[in-house]
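Dropping coords05.txt in here (compact mmCIF, C-alpha atoms):
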```txt
# COMPACT_ATOMS: atom_id res chain seq x y z
CA MET A 1 -66.97 3.53 -17.93
CA LEU A 2 -70.12 1.52 -18.49
CA ASP A 3 -72.39 2.50 -21.35
CA LEU A 4 -75.29 3.98 -19.37
CA LYS A 5 -77.65 3.70 -22.35
CA LEU A 6 -76.93 -0.02 -22.58
CA LEU A 7 -77.38 -0.26 -18.83
CA GLN A 8 -80.87 1.25 -19.04
CA ASN A 9 -81.97 -0.47 -22.25
CA ASP A 10 -80.70 -3.97 -21.46
CA PHE A 11 -79.92 -4.12 -17.77
CA ASP A 12 -80.31 -7.91 -17.48
CA THR A 13 -77.50 -8.53 -20.00
CA VAL A 14 -75.19 -6.10 -18.17
CA PHE A 15 -76.20 -7.62 -14.82
CA GLN A 16 -75.30 -11.14 -15.96
CA ALA A 17 -72.00 -10.04 -17.52
CA LEU A 18 -70.86 -8.17 -14.40
CA GLN A 19 -71.64 -11.19 -12.24
CA LYS A 20 -68.84 -12.95 -14.15
CA LYS A 21 -66.49 -10.39 -12.57
CA HIS A 22 -68.01 -11.10 -9.15
CA VAL A 23 -69.18 -7.54 -8.69
CA ASP A 24 -70.88 -7.07 -5.33
CA LEU A 25 -74.57 -7.99 -5.69
CA LYS A 26 -75.64 -5.07 -3.51
CA LEU A 27 -73.89 -2.70 -5.93
CA LEU A 28 -75.62 -4.38 -8.88
CA GLU A 29 -78.99 -4.12 -7.15
CA LYS A 30 -78.34 -0.45 -6.47
CA LEU A 31 -77.37 0.05 -10.11
CA LYS A 32 -80.53 -1.70 -11.20
CA ASN A 33 -82.86 0.23 -8.88
CA ILE A 34 -81.42 3.62 -9.81
CA SER A 35 -81.36 2.71 -13.50
CA LEU A 36 -85.02 1.63 -13.45
CA ALA A 37 -86.03 4.66 -11.38
CA LEU A 38 -84.23 6.95 -13.83
CA LYS A 39 -85.86 5.28 -16.82
CA ALA A 40 -89.32 5.63 -15.25
CA LYS A 41 -88.70 9.25 -14.23
CA ARG A 42 -87.50 10.15 -17.73
CA GLN A 43 -90.63 8.61 -19.23
CA TYR A 44 -92.74 10.56 -16.77
CA LEU A 45 -90.87 13.78 -17.64
CA GLU A 46 -91.33 13.13 -21.35
CA SER A 47 -95.07 12.57 -20.86
CA LEU A 48 -95.33 15.88 -18.97
CA GLN A 49 -93.41 17.67 -21.72
CA THR A 50 -95.60 16.11 -24.41
CA GLU A 51 -98.70 17.21 -22.52
CA GLN A 52 -97.23 20.70 -22.03
CA ASN A 53 -96.45 21.05 -25.72
CA ALA A 54 -99.96 19.94 -26.72
CA ASN A 55 -101.60 22.28 -24.21
CA SER A 56 -99.34 25.18 -25.20
CA LYS A 57 -100.42 24.68 -28.81
CA LEU A 58 -104.06 24.56 -27.71
CA PHE A 59 -103.54 27.68 -25.58
CA GLY A 60 -102.33 29.54 -28.65
CA GLN A 61 -105.33 28.41 -30.67
CA LEU A 62 -107.79 29.46 -27.94
CA ARG A 63 -106.21 32.90 -27.67
CA GLN A 64 -106.34 33.29 -31.40
CA GLU A 65 -110.01 32.38 -31.31
CA LYS A 66 -110.46 34.75 -28.34
CA LYS A 67 -111.80 31.99 -26.12
CA ASP A 68 -111.40 31.58 -22.36
CA THR A 69 -107.88 30.32 -21.48
CA ASN A 70 -107.93 30.76 -17.68
CA GLU A 71 -108.49 27.10 -16.83
CA LEU A 72 -105.90 25.96 -19.36
CA LYS A 73 -103.37 28.52 -18.09
CA ILE A 74 -103.75 27.16 -14.54
CA LYS A 75 -103.16 23.68 -15.91
CA LEU A 76 -100.10 24.83 -17.89
CA ASP A 77 -98.58 26.57 -14.87
CA ALA A 78 -99.11 23.53 -12.66
CA ASN A 79 -97.65 21.24 -15.32
CA LYS A 80 -94.65 23.56 -15.69
CA GLU A 81 -93.91 23.17 -11.98
CA MET A 82 -94.19 19.38 -12.27
CA ILE A 83 -91.78 19.44 -15.24
CA ALA A 84 -89.25 21.47 -13.25
CA LYS A 85 -89.52 19.09 -10.30
CA ALA A 86 -89.28 15.97 -12.48
CA GLY A 87 -86.34 17.49 -14.35
CA GLU A 88 -84.49 18.04 -11.08
CA GLU A 89 -85.23 14.46 -9.99
CA VAL A 90 -83.92 13.14 -13.32
CA LYS A 91 -80.78 15.22 -12.87
CA ASN A 92 -80.20 13.87 -9.35
CA LEU A 93 -80.74 10.27 -10.44
CA GLU A 94 -78.34 10.76 -13.37
CA SER A 95 -75.67 12.08 -10.99
CA GLU A 96 -76.23 9.19 -8.59
CA LEU A 97 -76.04 6.65 -11.41
CA LEU A 98 -72.87 8.26 -12.78
CA LEU A 99 -71.14 8.09 -9.39
CA ILE A 100 -71.84 4.36 -9.12
CA ALA A 101 -70.90 3.74 -12.75
CA GLU A 102 -67.51 5.38 -12.18
CA THR A 103 -66.58 2.64 -9.70
CA THR A 104 -68.21 -0.26 -11.60
CA PRO A 105 -65.85 -2.42 -13.69
CA ASN A 106 -65.96 -3.04 -17.41
CA ILE A 107 -68.17 -5.73 -18.91
CA PRO A 108 -66.10 -8.83 -19.78
CA ASP A 109 -66.14 -10.25 -23.30
CA SER A 110 -68.39 -13.24 -23.91
CA ASP A 111 -65.39 -15.58 -24.35
CA VAL A 112 -63.96 -14.71 -20.92
CA PRO A 113 -64.32 -17.89 -18.83
CA GLU A 114 -66.17 -18.10 -15.55
CA GLY A 115 -63.97 -18.37 -12.48
CA ALA A 116 -63.42 -17.01 -9.00
CA ASP A 117 -59.71 -16.18 -9.03
CA GLU A 118 -56.32 -16.81 -10.68
CA SER A 119 -56.52 -20.54 -9.95
CA GLU A 120 -59.26 -20.80 -12.58
CA ASN A 121 -57.45 -19.00 -15.42
CA ILE A 122 -57.13 -21.09 -18.58
CA GLU A 123 -53.76 -22.00 -20.03
CA LEU A 124 -53.83 -21.39 -23.78
CA LYS A 125 -50.34 -22.62 -24.62
CA LYS A 126 -46.74 -22.99 -23.46
CA VAL A 127 -43.87 -21.42 -25.42
CA LEU A 128 -40.35 -22.95 -25.24
CA ASP A 129 -39.24 -25.76 -22.96
CA THR A 130 -38.30 -25.00 -19.38
CA PRO A 131 -34.54 -25.36 -18.75
CA VAL A 132 -33.03 -28.40 -17.08
CA PHE A 133 -30.21 -27.92 -14.54
CA ASP A 134 -27.71 -30.44 -13.19
CA PHE A 135 -27.81 -28.55 -9.90
CA GLU A 136 -30.45 -27.03 -7.62
CA PRO A 137 -31.29 -23.62 -9.19
CA LYS A 138 -31.32 -20.66 -6.82
CA GLU A 139 -33.79 -17.78 -6.55
CA HIS A 140 -32.61 -14.41 -7.84
CA TRP A 141 -31.78 -12.94 -4.43
CA ALA A 142 -29.29 -15.74 -3.79
CA LEU A 143 -27.36 -15.07 -7.03
CA GLU A 144 -24.62 -12.52 -7.76
CA PRO A 145 -24.41 -10.79 -4.33
CA GLU A 146 -23.00 -7.62 -5.93
CA TRP A 147 -26.02 -7.16 -8.21
CA ILE A 148 -28.98 -6.29 -5.97
CA ASP A 149 -28.76 -4.42 -2.64
CA PHE A 150 -32.01 -4.82 -0.73
CA GLU A 151 -30.79 -3.42 2.59
CA ARG A 152 -29.70 -0.10 1.13
CA GLY A 153 -32.96 0.19 -0.80
CA VAL A 154 -34.79 0.00 2.52
CA LYS A 155 -32.36 2.50 4.06
CA LEU A 156 -33.00 4.99 1.25
CA ALA A 157 -36.78 4.60 1.26
CA LYS A 158 -38.58 1.68 2.94
CA SER A 159 -39.37 -1.99 2.33
CA ARG A 160 -40.05 -3.06 -1.27
CA PHE A 161 -37.34 -0.77 -2.65
CA SER A 162 -33.97 -2.04 -3.88
CA VAL A 163 -30.75 -0.82 -5.48
CA LEU A 164 -29.37 -2.41 -8.65
CA LYS A 165 -25.57 -2.37 -8.87
CA ASN A 166 -22.85 -3.18 -11.35
CA GLU A 167 -23.91 -5.64 -14.06
CA ALA A 168 -27.53 -5.69 -12.83
CA ALA A 169 -27.85 -1.94 -13.41
CA ARG A 170 -26.32 -2.32 -16.87
CA LEU A 171 -28.55 -5.32 -17.65
CA GLU A 172 -31.66 -3.36 -16.64
CA ARG A 173 -30.66 -0.56 -19.01
CA ALA A 174 -29.84 -3.06 -21.76
CA LEU A 175 -33.26 -4.69 -21.39
CA ILE A 176 -35.06 -1.35 -21.68
CA ASN A 177 -33.21 -0.44 -24.88
CA TYR A 178 -33.64 -3.91 -26.36
CA MET A 179 -37.38 -3.97 -25.60
CA LEU A 180 -37.97 -0.54 -27.13
CA ASP A 181 -35.99 -1.47 -30.26
CA PHE A 182 -37.85 -4.78 -30.56
CA ASN A 183 -41.25 -3.08 -30.26
CA ARG A 184 -40.31 -0.38 -32.76
CA GLY A 185 -39.47 -3.19 -35.19
CA ARG A 186 -43.04 -4.42 -34.75
CA GLY A 187 -44.54 -1.05 -35.70
CA PHE A 188 -44.93 0.59 -32.29
CA LYS A 189 -43.75 4.19 -32.25
CA GLU A 190 -41.63 5.21 -29.29
CA VAL A 191 -42.86 7.98 -26.99
CA ASN A 192 -41.53 9.48 -23.75
CA VAL A 193 -44.05 10.81 -21.23
CA PRO A 194 -44.20 12.46 -17.77
CA TYR A 195 -44.02 10.26 -14.68
CA ILE A 196 -46.52 12.55 -12.93
CA VAL A 197 -50.12 12.91 -14.10
CA ASN A 198 -53.25 14.75 -13.01
CA ARG A 199 -56.49 13.36 -11.63
CA GLU A 200 -58.25 13.61 -15.00
CA SER A 201 -55.71 11.28 -16.60
CA LEU A 202 -56.09 8.64 -13.89
CA PHE A 203 -59.87 8.87 -14.15
CA GLY A 204 -59.63 8.41 -17.92
CA THR A 205 -57.86 5.05 -17.65
CA GLY A 206 -59.87 3.88 -14.64
CA GLN A 207 -57.45 4.10 -11.70
CA LEU A 208 -59.57 6.83 -10.11
CA PRO A 209 -61.71 7.12 -8.15
CA LYS A 210 -61.73 3.44 -7.12
CA PHE A 211 -58.00 2.74 -6.63
CA GLU A 212 -56.67 5.96 -5.12
CA GLU A 213 -55.20 4.09 -2.12
CA ASP A 214 -52.80 2.27 -4.46
CA LEU A 215 -51.32 5.52 -5.82
CA PHE A 216 -48.54 7.79 -4.58
CA LYS A 217 -50.05 11.29 -4.40
CA ILE A 218 -48.05 14.54 -4.56
CA GLU A 219 -48.80 16.40 -1.34
CA GLY A 220 -50.72 19.63 -1.81
CA GLU A 221 -51.45 18.98 -5.51
CA GLU A 222 -53.94 16.99 -7.55
CA LEU A 223 -51.03 15.09 -9.09
CA PHE A 224 -49.89 11.47 -8.76
CA LEU A 225 -46.89 9.31 -9.66
CA ILE A 226 -47.89 7.00 -12.50
CA PRO A 227 -48.66 3.34 -11.72
CA THR A 228 -47.97 2.46 -15.38
CA SER A 229 -47.22 4.36 -18.59
CA GLU A 230 -50.60 3.15 -19.86
CA VAL A 231 -52.02 6.19 -18.03
CA PRO A 232 -50.11 9.06 -19.71
CA VAL A 233 -49.84 7.36 -23.12
CA THR A 234 -53.57 6.57 -23.41
CA ASN A 235 -54.44 10.06 -22.15
CA LEU A 236 -52.38 11.70 -24.90
CA PHE A 237 -55.66 11.55 -26.81
CA ARG A 238 -58.03 12.45 -23.97
CA ASP A 239 -60.93 14.64 -25.13
CA GLU A 240 -59.82 14.42 -28.77
CA ILE A 241 -61.51 13.35 -32.00
CA LEU A 242 -59.09 11.41 -34.22
CA ASP A 243 -59.28 10.79 -37.96
CA VAL A 244 -60.23 7.19 -38.72
CA GLU A 245 -57.46 7.09 -41.34
CA ASP A 246 -54.87 7.60 -38.58
CA LEU A 247 -55.94 4.47 -36.71
CA PRO A 248 -54.63 2.24 -35.32
CA ILE A 249 -52.14 4.31 -33.34
CA LYS A 250 -49.56 2.04 -31.65
CA PHE A 251 -47.04 3.28 -29.09
CA THR A 252 -44.29 1.77 -26.98
CA CYS A 253 -43.00 3.61 -23.92
CA TYR A 254 -40.52 3.11 -21.11
CA THR A 255 -41.19 4.60 -17.67
CA ALA A 256 -40.57 3.91 -14.05
CA CYS A 257 -43.82 2.93 -12.31
CA PHE A 258 -44.92 3.57 -8.73
CA ARG A 259 -47.46 1.56 -6.74
CA LYS A 260 -48.23 1.31 -3.04
CA GLU A 261 -49.25 -2.34 -3.52
CA ALA A 262 -51.87 -1.69 -0.85
CA GLY A 263 -53.65 -4.98 -1.47
CA SER A 264 -50.56 -7.19 -1.45
CA ALA A 265 -49.54 -7.22 2.21
CA GLY A 266 -47.52 -10.32 2.97
CA ARG A 267 -47.10 -11.30 -0.70
CA ASP A 268 -43.65 -11.58 -2.31
CA THR A 269 -41.98 -9.72 0.54
CA ARG A 270 -38.58 -11.12 -0.42
CA GLY A 271 -36.73 -10.21 -3.59
CA MET A 272 -37.77 -7.98 -6.48
CA ILE A 273 -41.06 -9.55 -7.58
CA ARG A 274 -43.30 -6.89 -6.02
CA GLN A 275 -41.70 -3.46 -5.64
CA HIS A 276 -43.09 0.03 -4.99
CA GLN A 277 -40.92 1.38 -7.84
CA PHE A 278 -40.16 -0.67 -10.94
CA ASP A 279 -39.32 -0.19 -14.61
CA LYS A 280 -41.67 -1.25 -17.37
CA VAL A 281 -41.86 -1.02 -21.14
CA GLU A 282 -45.46 -0.68 -22.26
CA LEU A 283 -47.50 -1.19 -25.41
CA VAL A 284 -50.54 1.07 -25.90
CA SER A 285 -52.88 1.13 -28.89
CA ILE A 286 -55.83 3.30 -29.93
CA THR A 287 -57.97 1.60 -32.58
CA THR A 288 -61.32 1.62 -34.31
CA GLN A 289 -63.87 -0.78 -32.88
CA GLU A 290 -63.27 -3.15 -35.79
CA GLN A 291 -59.47 -3.16 -35.44
CA SER A 292 -59.08 -3.87 -31.75
CA GLU A 293 -59.17 -7.68 -31.82
CA LYS A 294 -56.49 -7.84 -34.53
CA VAL A 295 -54.30 -5.34 -32.69
CA PHE A 296 -54.80 -7.31 -29.46
CA ASP A 297 -53.32 -10.37 -31.18
CA GLU A 298 -50.43 -8.25 -32.53
CA MET A 299 -49.61 -6.94 -29.05
CA LEU A 300 -49.78 -10.43 -27.56
CA SER A 301 -47.48 -11.81 -30.26
CA CYS A 302 -45.05 -8.93 -29.79
CA ALA A 303 -44.68 -9.52 -26.03
CA SER A 304 -44.50 -13.30 -26.41
CA ASP A 305 -41.94 -13.16 -29.23
CA LEU A 306 -39.86 -10.76 -27.14
CA LEU A 307 -39.70 -13.35 -24.35
CA SER A 308 -38.84 -16.05 -26.88
CA SER A 309 -36.02 -13.92 -28.30
CA LEU A 310 -34.54 -13.83 -24.79
CA GLY A 311 -34.81 -17.61 -24.58
CA LEU A 312 -37.31 -17.47 -21.72
CA ALA A 313 -39.92 -20.21 -21.44
CA HIS A 314 -43.39 -18.83 -20.79
CA ARG A 315 -47.08 -19.57 -21.09
CA HIS A 316 -50.25 -17.74 -22.17
CA LEU A 317 -53.16 -17.58 -19.71
CA LEU A 318 -56.67 -16.37 -20.53
CA LEU A 319 -57.89 -14.67 -17.36
CA CYS A 320 -61.22 -15.75 -15.91
CA GLY A 321 -63.84 -13.22 -14.86
CA GLY A 322 -62.80 -13.25 -11.20
CA ASP A 323 -59.17 -12.37 -12.02
CA LEU A 324 -59.91 -9.80 -14.73
CA GLY A 325 -58.84 -6.21 -14.06
CA PHE A 326 -61.23 -3.32 -13.45
CA GLY A 327 -61.03 -1.79 -16.93
CA ALA A 328 -60.36 -4.93 -18.97
CA ALA A 329 -62.89 -6.66 -21.18
CA LYS A 330 -60.36 -9.39 -21.95
CA THR A 331 -56.82 -10.13 -20.76
CA VAL A 332 -54.17 -12.68 -21.63
CA ASP A 333 -51.31 -12.89 -19.14
CA LEU A 334 -47.84 -14.06 -20.05
CA GLU A 335 -46.15 -15.94 -17.25
CA VAL A 336 -42.40 -16.58 -17.40
CA TRP A 337 -40.73 -19.67 -15.94
CA LEU A 338 -38.63 -18.98 -12.83
CA PRO A 339 -36.48 -22.06 -12.05
CA GLY A 340 -35.57 -20.82 -8.57
CA GLN A 341 -39.25 -20.71 -7.63
CA ASN A 342 -40.07 -23.74 -9.82
CA ARG A 343 -43.16 -22.00 -11.15
CA TYR A 344 -44.46 -19.57 -13.74
CA ARG A 345 -44.89 -15.93 -12.68
CA GLU A 346 -46.71 -13.08 -14.42
CA ILE A 347 -44.46 -10.85 -16.51
CA SER A 348 -46.99 -9.24 -18.88
CA SER A 349 -50.72 -8.60 -19.19
CA ILE A 350 -52.22 -7.74 -22.57
CA SER A 351 -55.68 -6.21 -22.21
CA ASN A 352 -58.42 -4.93 -24.48
CA THR A 353 -60.63 -2.43 -22.65
CA ARG A 354 -62.95 -1.95 -25.67
CA ASP A 355 -64.58 1.50 -25.31
CA PHE A 356 -64.50 1.52 -21.48
CA GLN A 357 -61.52 3.89 -21.13
CA ALA A 358 -62.44 5.86 -24.24
CA ARG A 359 -65.85 6.69 -22.78
CA ARG A 360 -64.23 7.98 -19.58
CA ALA A 361 -61.47 9.87 -21.43
CA LYS A 362 -63.66 10.97 -24.37
CA ILE A 363 -61.36 9.49 -27.02
CA ARG A 364 -63.26 9.36 -30.30
CA TYR A 365 -62.68 9.06 -34.01
CA LYS A 366 -64.65 10.47 -36.90
CA SER A 367 -66.04 8.04 -39.47
CA ASP A 368 -68.77 8.84 -42.00
CA LYS A 369 -69.27 12.17 -40.25
CA LYS A 370 -70.04 10.37 -36.96
CA ASN A 371 -68.01 10.57 -33.76
CA ILE A 372 -67.39 7.02 -32.51
CA LEU A 373 -65.76 5.91 -29.27
CA ALA A 374 -62.34 4.37 -29.90
CA HIS A 375 -61.07 1.13 -28.43
CA THR A 376 -57.97 1.26 -26.22
CA LEU A 377 -55.53 -1.56 -25.49
CA ASN A 378 -52.51 -1.85 -23.23
CA GLY A 379 -49.91 -4.41 -22.30
CA SER A 380 -46.56 -4.85 -20.57
CA SER A 381 -43.69 -5.50 -22.91
CA LEU A 382 -42.28 -6.29 -20.44
CA ALA A 383 -42.00 -5.66 -16.71
CA VAL A 384 -38.25 -4.98 -16.80
CA GLY A 385 -37.41 -6.00 -13.23
CA ARG A 386 -39.21 -9.32 -13.58
CA THR A 387 -37.42 -9.92 -16.89
CA LEU A 388 -34.13 -9.26 -15.11
CA ILE A 389 -35.13 -11.80 -12.45
CA ALA A 390 -36.10 -14.33 -15.14
CA ILE A 391 -32.73 -13.93 -16.87
CA MET A 392 -30.86 -14.30 -13.58
CA GLU A 393 -32.69 -17.52 -12.69
CA ASN A 394 -32.78 -19.08 -16.17
CA TYR A 395 -29.22 -18.17 -17.11
CA GLN A 396 -27.58 -19.00 -13.77
CA THR A 397 -24.56 -21.26 -13.55
CA LYS A 398 -23.59 -23.77 -10.92
CA ASP A 399 -21.19 -21.30 -9.25
CA GLY A 400 -23.96 -18.69 -8.80
CA LYS A 401 -22.98 -16.51 -11.76
CA VAL A 402 -25.34 -15.31 -14.52
CA LYS A 403 -24.78 -15.53 -18.27
CA ILE A 404 -26.06 -12.73 -20.53
CA PRO A 405 -28.48 -13.73 -23.35
CA GLU A 406 -26.89 -13.35 -26.77
CA VAL A 407 -29.36 -10.72 -28.02
CA LEU A 408 -28.46 -8.44 -25.10
CA GLN A 409 -24.69 -8.68 -25.33
CA LYS A 410 -24.32 -5.79 -27.79
CA TYR A 411 -26.37 -3.61 -25.40
CA MET A 412 -23.94 -4.42 -22.59
```
Show how you would write the structure in this file as structure tokens.
Amino acid sequence: MLDLKLLQNDFDTVFQALQKKHVDLKLLEKLKNISLALKAKRQYLESLQTEQNANSKLFGQLRQEKKDTNELKIKLDANKEMIAKAGEEVKNLESELLLIAETTPNIPDSDVPEGADESENIELKKVLDTPVFDFEPKEHWALEPEWIDFERGVKLAKSRFSVLKNEAARLERALINYMLDFNRGRGFKEVNVPYIVNRESLFGTGQLPKFEEDLFKIEGEELFLIPTSEVPVTNLFRDEILDVEDLPIKFTCYTACFRKEAGSAGRDTRGMIRQHQFDKVELVSITTQEQSEKVFDEMLSCASDLLSSLGLAHRHLLLCGGDLGFGAAKTVDLEVWLPGQNRYREISSISNTRDFQARRAKIRYKSDKKNILAHTLNGSSLAVGRTLIAIMENYQTKDGKVKIPEVLQKYM
């Protein structure tokens, strides 16, 4: 959540930064007006309280000197009523500001480029050469007909569900184990978490209240299926004060993920690119404010090196303000090469949210006897289904079969 003190003390800086994310100008104006009104009302309240304190002191002196206090008492009583009224107005403005702040995105870092959408993201580098085929490469749904059953996925649930069979099911499991082992080798401790979380957890990481329509809710309960393991893993430390010596804390976690994909109608309707249920291995870190940039680079290297170990060509993209996620201050996407589509597609996003999630979830650490908001980071390592697709398309043979990367063979 936005730092409301920063908002009130330096609104113009916040205003300019949020414009980089293309936040609705009416919302920003509303934020500004309420913020200024609250600041003015607080100053007014403080002046009333200062006057009340001075007059109360004078009242005591007059009584001690046995002088007439009637006029001053009338003034004190009237001022007391004004204080109560101003206090209530401050409280209402604070509540109104908080409600808007809860649905206002994080401030992007200064090095996040300007841009309207994904077309203006900046390519930082390419890793590995894209493969060359002596035949026309196929898309994943046209390979190995006994691997993915789309029709039965729809029969069991609805569109955007699929069934993995035979070697595809085994390859998915092999990828999960390989990813977790790889991440553990990079210093990320493995954790297993619930796939169902409460409203407080989703608020802490920023999915609620703004993105409730994208979530699968449990009927009759304030519980939801997780959209990513970032939610339960980050919230392990919700409302806790950590020891600075224990930071950074770095976790890796496998879960299934569930998303309605409410804003993606008509996109990637064929194949497994955009599913309502998909597997993902995640990286999550809790750091001090000084550590987060270094850990961000470590997480990015971990995900990129994992792709390289699988022999998958990919590129790093620095997201522009218009494509940056709600809670992110900075994000680098990894896009893997898909020969069947003849293009790069997102397979991982590594994000630093700075203290945005920590402020919502009250994740702090103690340093020099002070409680300081932590920084939280998250990243896919990797989206398992998309990695499966990438292997199918990059390791396909002319007869429509798929080879298994060497590093995965022992897991098969």
**Asked** So, counting only C-alpha atoms, which residue among A:Cys253, A:Ala168, A:Ala374, A:Val336 is closest to Asn183 of chain A?
**Response** A:Cys253
**Message:** Could you list, as a count of residues only, every residue within 10 Å of segment 156-159 of chain A, counting all atoms listed in the file and ignoring same-chain residues fewer than 6 positions away?
**Reply:** 5
Applying 8 Å and all atoms listed in the file, which residues near Thr228 of chain A remain after dropping the ones on its own chain fewer than 3 positions away? List them as a PDB file with C-alpha atoms, in the coordinates of the input.
```pdb
ATOM      1  CA  VAL A 231     -52.020   6.190 -18.030  1.00  0.00           C
ATOM      2  CA  THR A 255     -41.190   4.600 -17.670  1.00  0.00           C
ATOM      3  CA  ALA A 256     -40.570   3.910 -14.050  1.00  0.00           C
ATOM      4  CA  CYS A 257     -43.820   2.930 -12.310  1.00  0.00           C
ATOM      5  CA  PHE A 258     -44.920   3.570  -8.730  1.00  0.00           C
ATOM      6  CA  LYS A 280     -41.670  -1.250 -17.370  1.00  0.00           C
ATOM      7  CA  GLU A 282     -45.460  -0.680 -22.260  1.00  0.00           C
TER       8      GLU A 282
END
```
**Request:** With a distance cut-off of 8 Å and all atoms listed in the file, select the neighbouring residues of Leu312 of chain A, excluding the residue or stretch itself and same-chain residues fewer than 2 positions from it, and output the selection as a list in words.
**Result:** Leu128, Thr130, Leu307, Ser308, Ser309, Leu310, His314, Val336, Trp337, Ala390, Ile391 and Asn394 of chain A
**Prompt:** If you measure from atom CA of Ala174 of chain A to atom CA of Asp134 of chain A, what distance in Å do you get, rounded to one decimal?
**Reply:**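 Pair atom CA of Ala174 of chain A / atom CA of Asp134 of chain A returns 28.8 Å.
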**Request:** Have a look at atom CA of Asp109 of chain A and atom CA of Leu318 of chain A and let me know their distance in Å, one decimal.
**Result:**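 Here the two named atoms are 11.6 Å from each other.
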For segment 290-305 of chain A, where the input has fewer atoms than it should, I would like N, CA and C atoms rebuilt and written as a CSV table (one decimal), keeping the file's coordinate frame.
```csv
chain,number,residue,atom,x,y,z
A,290,GLU,N,-63.5,-2.0,-35.0
A,290,GLU,CA,-63.3,-3.2,-35.8
A,290,GLU,C,-61.8,-3.7,-35.7
A,291,GLN,N,-60.9,-2.8,-35.4
A,291,GLN,CA,-59.5,-3.2,-35.4
A,291,GLN,C,-59.0,-3.8,-34.2
A,292,SER,N,-59.7,-3.6,-33.1
A,292,SER,CA,-59.1,-3.9,-31.8
A,292,SER,C,-58.7,-5.3,-31.5
A,293,GLU,N,-59.5,-6.3,-32.0
A,293,GLU,CA,-59.2,-7.7,-31.8
A,293,GLU,C,-57.9,-8.1,-32.5
A,294,LYS,N,-57.7,-7.6,-33.8
A,294,LYS,CA,-56.5,-7.8,-34.5
A,294,LYS,C,-55.3,-7.2,-33.8
A,295,VAL,N,-55.4,-6.0,-33.4
A,295,VAL,CA,-54.3,-5.3,-32.7
A,295,VAL,C,-54.0,-6.0,-31.4
A,296,PHE,N,-55.0,-6.5,-30.7
A,296,PHE,CA,-54.8,-7.3,-29.5
A,296,PHE,C,-53.9,-8.5,-29.7
A,297,ASP,N,-54.2,-9.2,-30.8
A,297,ASP,CA,-53.3,-10.4,-31.2
A,297,ASP,C,-51.9,-9.9,-31.5
A,298,GLU,N,-51.8,-8.8,-32.2
A,298,GLU,CA,-50.4,-8.2,-32.5
A,298,GLU,C,-49.6,-7.9,-31.3
A,299,MET,N,-50.3,-7.3,-30.3
A,299,MET,CA,-49.6,-6.9,-29.0
A,299,MET,C,-49.2,-8.2,-28.3
A,300,LEU,N,-50.1,-9.2,-28.3
A,300,LEU,CA,-49.8,-10.4,-27.6
A,300,LEU,C,-48.6,-11.1,-28.2
A,301,SER,N,-48.6,-11.2,-29.5
A,301,SER,CA,-47.5,-11.8,-30.3
A,301,SER,C,-46.2,-11.1,-30.0
A,302,CYS,N,-46.2,-9.7,-30.0
A,302,CYS,CA,-45.0,-8.9,-29.8
A,302,CYS,C,-44.4,-9.2,-28.4
A,303,ALA,N,-45.2,-9.3,-27.4
A,303,ALA,CA,-44.7,-9.5,-26.0
A,303,ALA,C,-44.2,-11.0,-25.9
A,304,SER,N,-44.9,-11.9,-26.5
A,304,SER,CA,-44.5,-13.3,-26.4
A,304,SER,C,-43.2,-13.6,-27.2
A,305,ASP,N,-43.1,-13.0,-28.4
A,305,ASP,CA,-41.9,-13.2,-29.2
A,305,ASP,C,-40.7,-12.5,-28.6
```
